[in-house]
4 protein chains.
Amino acid sequence: MRMPSDKREAILRAALELMSQRTYTGTPMPLVAQRAAVGAGTIYRYFENKEALANAVFRQCEAELLKSLQNALRVTDSAREQFRSLWRGLWEFSRKNPYAFHFIELHHHQSYLDPESRALADSVIRFVEVFIERFQREGVLRSDPPVLLIALAYGAFVGLHKAEAERRLVLDEETIASSEAALWDLLRKPEE
Amino acid sequence: MRMPSDKREAILRAALELMSQRTYTGTPMPLVAQRAAVGAGTIYRYFENKEALANAVFRQCEAELLKSLQNALRVTDSAREQFRSLWRGLWEFSRKNPYAFHFIELHHHQSYLDPESRALADSVIRFVEVFIERFQREGVLRSDPPVLLIALAYGAFVGLHKAEAERRLVLDEETIASSEAALWDLLRKPEE
Amino acid sequence: MRMPSDKREAILRAALELMSQRTYTGTPMPLVAQRAAVGAGTIYRYFENKEALANAVFRQCEAELLKSLQNALRVTDSAREQFRSLWRGLWEFSRKNPYAFHFIELHHHQSYLDPESRALADSVIRFVEVFIERFQREGVLRSDPPVLLIALAYGAFVGLHKAEAERRLVLDEETIASSEAALWDLLRKPEE
Amino acid sequence: MRMPSDKREAILRAALELMSQRTYTGTPMPLVAQRAAVGAGTIYRYFENKEALANAVFRQCEAELLKSLQNALRVTDSAREQFRSLWRGLWEFSRKNPYAFHFIELHHHQSYLDPESRALADSVIRFVEVFIERFQREGVLRSDPPVLLIALAYGAFVGLHKAEAERRLVLDEETIASSEAALWDLLRKPEE
DNA sequence: CATGAATGAGAATTCATTCAT
DNA sequence: AATGAATGAATTCTCATTCAT
């Protein structure tokens, strides 16, 4: 079994780190090469061009995110517990992949994303939709369109990271926990 | 009465529209010129360089946002009514300035923003903080740090616009109204 | 009698001052306009274009120089006295027109000089040649080609100004006087 | 043995040839690239920017000039012989480097020269000063300030080249020899 | 496979010149 | 006559990509 070339990994990581801080167009390929400690030409052995590289990074981020959510969820749990799991999944993902949230946010819906990347992003949303739809049917969650609830909750999560990046907030355990509580109050069906 | 040079306005608008869709580095100045229907050199009669142009756009967006919030708020109202006002203020702002939210989100905390731009962004947050602190003291709002609540609520609002931009959601009156209700459940102090 | 427009004079002076310090291509027309305290368009009422302006400055310098030499020379004087006169003429010219030497040196033989300008430069040389030829015939001056002696002596004079501009030398009366003495030793026919 | 990149050499040579004829600002980088037969971007692999390129050319000229003078001088010779050596050194230098004199003259003391370039120019002058000071002490040379004598003699030499460039003079062996004789009469202490 | 020197198209910016006022 | 805002061609410089080694 051949190790999946660590040059490829190094390039992906370098691109992730740079592009999440400096945007796609703001990141020169030679800088990616330098950070990955490879020759400029080497990138093109692994990726057809800059666009393909950015898409690969994006897909890696989304795949990682999806995996984190899937690993976190226990289908047998209650709605409250499932939400807590999803929230912890998001949170752990963003701790292990500190640049990935920035990257996804910055690159979401940019023109260079190809259909496959968009499809993957959709599947992440779809995964959460399933959870929401189930508990809407059980009358536990607010009955708004699932995509609306996802937009609000995921947006709020992104908001936390933006605030951290701008040094207005420290994302510690306590902050994450009380955010989760607040978000649950947003999602659940209010008492009559 | 000074006619506020419509070239300057046209350039600002063109830059807003383009940079909110394509990022700062992804927007060539000649394209801005073309969209503004002015010569490429003309931009430099009004703005020292690209950076200064982006800062001017950013400040205009933030100032407009602050004004919308200030106009919306009635200090005599109840917490619930004040939140509704703020939410409507945000909403009306984003309707009148369809690119501004995207722009602010994309450019927030980017390296080319100068101190003045950052200060203006801070003052918007400070304005909302005052509202939150007041009603936290009155025991109406959740007692988390104000910046946390702002990060969540503003993040959620941005999430709505992202979802709309990605055509997953249509932001109509009803959507905005139910989002507002959901956000209020997030912000208010839960009953014991 | 109408004053010869002082705008024209102001433009010529501004161009002289700037172009003598920053070269022709290094001097933007708007800067000339600013220094002359006229509108940018005004320059083009007096001069067809930048090239014509530079030629006008050049010709003014050369004409001034020729006049200074002509005024200085007394044809009845001895060779020694005539040389002293020419030297003083040069010196007084460069005192009254502090930028002119630099300008002439910097622009001599540049491609934008037109035939008329070159002809004027030639006539300055021709004027000095006459002096040299006369005293060569009388056996007072070295019998090298007159242009050679001019090249050496005028070059030396320019050298003094360069040294002054580079702050290696202060061109005071004494320096000028001893330079003149030295130059005379260069020009005169050495004793057998 | 390192092959001293002939691209770098070609660029330096192209810049020297062009800038010595057309000034610094009058020489577009693409023209340099074309003359050097390299791509426009290639120049920037070897020189940080146009200013750095001009400084490199200037320093190469001055270094070459200094070397020519140093090689020419025999410290054991008489004053007369040493001057002849220096003069031949200058002359040979300008024959081998036909553009260098023009370049040095045109660029001397221009604002884009960096301190290192200026220091090198000073060291050339210092080298000749030592020669002059020595023979002033021995009573052979005129007792004016050394910089004054250098300004005159070097200026005269430059004058010869200007005259040649303007096609008023042909710099052949005979011309150089009689110029040298004339200059010696300028430099040496006149008999009482 | 890997490299990095080389490139030229395209980016930001400047500037000679025009022209409506 | 005088202006200075406006322009687009030209300038400096960058960077995605290629290709000889």
# chains A, B, ... in the order shown; residues from 1 in each chain; ligands from 1
call {"tool": "residues_around", "arguments": {"residues": "region 24-38 of chain A", "least_positions_apart": "5", "cutoff": "8 Å", "atoms": "only C-alpha atoms (C1' of nucleotides)", "output": "compact mmCIF listing (two decimals) with N, CA and C atoms (P, O5', C5', C4', C3', O3' and C1' of nucleotides), in the first residue's frame"}}
result
# COMPACT_ATOMS: atom_id res chain seq x y z
N LYS A 7 3.36 14.91 -0.47
CA LYS A 7 3.47 16.20 -1.16
C LYS A 7 2.08 16.74 -1.44
N ALA A 10 0.71 18.07 1.62
CA ALA A 10 1.37 19.33 2.00
C ALA A 10 0.81 20.49 1.18
N ILE A 11 0.58 20.22 -0.10
CA ILE A 11 0.04 21.27 -0.97
C ILE A 11 -1.37 21.65 -0.55
N ARG A 13 -2.71 21.33 2.35
CA ARG A 13 -2.67 22.03 3.64
C ARG A 13 -2.20 23.48 3.45
N ALA A 14 -1.17 23.64 2.66
CA ALA A 14 -0.66 25.00 2.41
C ALA A 14 -1.74 25.86 1.77
N ALA A 15 -2.43 25.29 0.79
CA ALA A 15 -3.48 26.05 0.11
C ALA A 15 -4.60 26.39 1.08
N LEU A 18 -3.40 29.21 3.47
CA LEU A 18 -3.25 30.51 2.82
C LEU A 18 -4.57 31.05 2.32
N MET A 19 -5.31 30.20 1.62
CA MET A 19 -6.55 30.69 1.01
C MET A 19 -7.61 31.02 2.05
N ILE A 43 3.10 21.44 -7.96
CA ILE A 43 1.67 21.54 -7.71
C ILE A 43 0.88 21.03 -8.90
N LYS A 50 -5.08 26.10 -10.57
CA LYS A 50 -5.40 26.70 -9.28
C LYS A 50 -6.85 26.39 -8.88
N ALA A 54 -8.21 24.62 -5.49
CA ALA A 54 -9.17 25.21 -4.55
C ALA A 54 -10.37 24.30 -4.36
N HIS A 107 -15.26 30.75 0.67
CA HIS A 107 -15.26 30.23 -0.69
C HIS A 107 -16.62 29.71 -1.14
N THR B 25 -9.39 41.12 -4.13
CA THR B 25 -8.34 40.79 -5.11
C THR B 25 -8.92 40.26 -6.41
N GLY B 26 -10.12 39.70 -6.33
CA GLY B 26 -10.73 39.16 -7.54
C GLY B 26 -11.40 40.20 -8.42
P DC F 15 1.33 38.49 -6.99
O5' DC F 15 0.89 37.34 -7.99
C5' DC F 15 0.01 37.68 -9.05
C4' DC F 15 -0.11 36.50 -9.98
C3' DC F 15 0.26 35.16 -9.36
O3' DC F 15 -0.58 34.20 -9.94
C1' DC F 15 1.61 35.53 -11.23
P DA F 16 -1.25 33.07 -9.06
O5' DA F 16 -1.79 32.10 -10.20
C5' DA F 16 -2.77 32.60 -11.12
C4' DA F 16 -2.60 31.91 -12.45
C3' DA F 16 -2.61 30.40 -12.41
O3' DA F 16 -3.29 29.94 -13.57
C1' DA F 16 -0.51 31.14 -13.25
call {"tool": "interface_residues", "arguments": {"of": "chain A", "to": "chain E", "cutoff": "10 Å", "atoms": "only C-alpha atoms (C1' of nucleotides)", "output": "list of chain:residue names"}}
result
A:Val38, A:Gly39, A:Ala40, A:Gly41, A:Thr42, A:Ile43, A:Arg45
call {"tool": "closest_atom_pairs", "arguments": {"of": "chain A", "to": "chain B", "cutoff": "9 Å", "atoms": "only C-alpha atoms", "output": "tab-separated table"}}
result
residue	atom	partner	partner_atom	distance
A:Gln21	CA	B:Gln110	CA	8.4
A:Arg22	CA	B:Gln110	CA	7.9
A:Thr23	CA	B:Thr23	CA	7.7
A:Tyr24	CA	B:Gly26	CA	8.0
A:Thr25	CA	B:Gly26	CA	5.4
A:Gly26	CA	B:Thr25	CA	5.5
A:Glu105	CA	B:Leu106	CA	8.9
A:Leu106	CA	B:Leu106	CA	6.9
A:His108	CA	B:Glu166	CA	8.6
A:His109	CA	B:Glu166	CA	6.5
A:Gln110	CA	B:Arg22	CA	7.4
A:Ser111	CA	B:Arg22	CA	8.1
A:Arg142	CA	B:Ala182	CA	8.4
A:Asp144	CA	B:Ser178	CA	7.5
A:Pro145	CA	B:Thr175	CA	8.9
A:Val147	CA	B:Arg168	CA	7.0
A:Leu148	CA	B:Leu169	CA	7.0
A:Leu149	CA	B:Ser179	CA	8.3
A:Ile150	CA	B:Gly159	CA	8.4
A:Ala151	CA	B:Gly159	CA	4.8
A:Leu152	CA	B:Ala156	CA	4.2
A:Ala153	CA	B:Ala156	CA	6.3
A:Tyr154	CA	B:Gly159	CA	6.9
A:Gly155	CA	B:Gly159	CA	4.1
A:Ala156	CA	B:Leu152	CA	4.2
A:Phe157	CA	B:Leu152	CA	6.8
A:Val158	CA	B:Gly155	CA	6.3
A:Gly159	CA	B:Gly155	CA	4.0
A:Leu160	CA	B:Ala151	CA	5.4
A:His161	CA	B:Ala151	CA	8.5
A:Lys162	CA	B:Ala151	CA	7.8
A:Ala163	CA	B:Ala151	CA	6.2
A:Ala165	CA	B:His109	CA	8.2
A:Glu166	CA	B:His109	CA	6.5
A:Arg168	CA	B:Val147	CA	7.0
A:Leu169	CA	B:Leu148	CA	7.0
A:Thr175	CA	B:Leu148	CA	7.9
A:Ser178	CA	B:Asp144	CA	7.6
A:Ser179	CA	B:Leu152	CA	7.8
A:Ala181	CA	B:Leu186	CA	8.6
A:Ala182	CA	B:Leu186	CA	5.0
A:Leu183	CA	B:Leu186	CA	6.0
A:Trp184	CA	B:Leu186	CA	7.7
A:Asp185	CA	B:Leu186	CA	5.3
A:Leu186	CA	B:Leu186	CA	4.7
A:Leu187	CA	B:Ala182	CA	7.1
A:Arg188	CA	B:Ala182	CA	8.9
A:Pro190	CA	B:Asp185	CA	8.0
call {"tool": "select_by_dssp", "arguments": {"residues": "region 60-166 of chain C", "states": "alpha helix (DSSP H)", "output": "ChimeraX atom specification"}}
result
/C:60-72,79-96,100-107,115-137,146-165
call {"tool": "interface_residues", "arguments": {"of": "chain F", "to": "chain B", "cutoff": "10 Å", "atoms": "only C-alpha atoms (C1' of nucleotides)", "output": "tab-separated table (two decimals) with C-alpha atoms (C1' of nucleotides), in the first residue's frame"}}
result
chain	number	residue	atom	x	y	z
F	5	DA	C1'	-11.99	66.81	-14.79
F	6	DA	C1'	-11.73	63.08	-17.70
F	7	DT	C1'	-9.47	59.76	-20.41
F	8	DG	C1'	-7.02	55.62	-22.33
call {"tool": "atom_distance", "arguments": {"atom1": "CA of Leu65 (chain A)", "atom2": "CA of Pro115 (chain A)"}}
result
18.2 Å
call {"tool": "decode", "arguments": {"residues": "region 18-93 of chain A", "atoms": "C-alpha atoms", "output": "short mmCIF file (atom, residue, chain, number, x, y, z; two decimals), in the first residue's frame"}}
result
data_model
loop_
_atom_site.label_atom_id
_atom_site.label_comp_id
_atom_site.auth_asym_id
_atom_site.auth_seq_id
_atom_site.Cartn_x
_atom_site.Cartn_y
_atom_site.Cartn_z
CA LEU A 18 -3.25 30.51 2.82
CA MET A 19 -6.55 30.69 1.01
CA SER A 20 -8.55 30.71 4.23
CA GLN A 21 -6.67 33.82 5.34
CA ARG A 22 -6.12 35.60 2.04
CA THR A 23 -8.94 34.51 -0.30
CA TYR A 24 -8.52 32.57 -3.52
CA THR A 25 -7.36 35.36 -5.82
CA GLY A 26 -5.26 36.79 -3.03
CA THR A 27 -3.16 33.64 -2.83
CA PRO A 28 -0.38 33.26 -5.40
CA MET A 29 0.52 29.74 -6.43
CA PRO A 30 4.24 30.32 -5.84
CA LEU A 31 3.39 31.14 -2.24
CA VAL A 32 1.46 27.90 -1.91
CA ALA A 33 4.47 26.05 -3.30
CA GLN A 34 6.81 27.76 -0.88
CA ARG A 35 4.62 27.04 2.13
CA ALA A 36 4.26 23.42 1.04
CA ALA A 37 8.02 23.25 0.53
CA VAL A 38 7.70 21.97 -3.02
CA GLY A 39 8.67 23.38 -6.40
CA ALA A 40 6.13 25.58 -8.12
CA GLY A 41 5.80 23.10 -10.94
CA THR A 42 5.10 20.23 -8.57
CA ILE A 43 1.67 21.54 -7.71
CA TYR A 44 0.67 20.94 -11.29
CA ARG A 45 1.56 17.26 -11.04
CA TYR A 46 -1.18 16.89 -8.46
CA PHE A 47 -3.72 19.49 -9.50
CA GLU A 48 -4.65 20.58 -12.95
CA ASN A 49 -4.67 24.26 -12.06
CA LYS A 50 -5.40 26.70 -9.28
CA GLU A 51 -9.14 26.22 -9.59
CA ALA A 52 -8.82 22.46 -9.27
CA LEU A 53 -6.64 22.93 -6.20
CA ALA A 54 -9.17 25.21 -4.55
CA ASN A 55 -11.94 22.76 -5.31
CA ALA A 56 -9.93 19.91 -3.83
CA VAL A 57 -9.38 21.93 -0.66
CA PHE A 58 -13.04 22.84 -0.51
CA ARG A 59 -14.12 19.24 -0.93
CA GLN A 60 -11.70 18.06 1.70
CA CYS A 61 -13.15 20.61 4.10
CA GLU A 62 -16.73 19.67 3.37
CA ALA A 63 -16.00 15.96 3.52
CA GLU A 64 -14.31 16.40 6.87
CA LEU A 65 -17.23 18.42 8.10
CA LEU A 66 -19.73 15.83 6.94
CA LYS A 67 -17.73 13.06 8.58
CA SER A 68 -17.58 14.97 11.84
CA LEU A 69 -21.34 15.40 11.84
CA GLN A 70 -21.93 11.77 10.89
CA ASN A 71 -19.60 10.51 13.58
CA ALA A 72 -21.21 12.72 16.15
CA LEU A 73 -24.81 11.75 15.56
CA ARG A 74 -26.45 8.84 17.35
CA VAL A 75 -29.77 8.22 15.61
CA THR A 76 -31.21 6.60 18.67
CA ASP A 77 -30.84 9.70 20.83
CA SER A 78 -33.49 12.25 21.66
CA ALA A 79 -33.79 15.44 19.64
CA ARG A 80 -32.03 17.41 22.36
CA GLU A 81 -29.20 14.93 22.51
CA GLN A 82 -28.90 14.72 18.77
CA PHE A 83 -28.63 18.44 18.52
CA ARG A 84 -26.02 18.48 21.21
CA SER A 85 -24.11 15.84 19.23
CA LEU A 86 -24.30 17.81 16.03
CA TRP A 87 -23.18 20.94 17.80
CA ARG A 88 -20.23 19.12 19.40
CA GLY A 89 -19.45 17.64 16.02
CA LEU A 90 -19.28 21.09 14.48
CA TRP A 91 -17.25 22.33 17.36
CA GLU A 92 -14.74 19.52 17.34
CA PHE A 93 -14.36 19.82 13.61
#
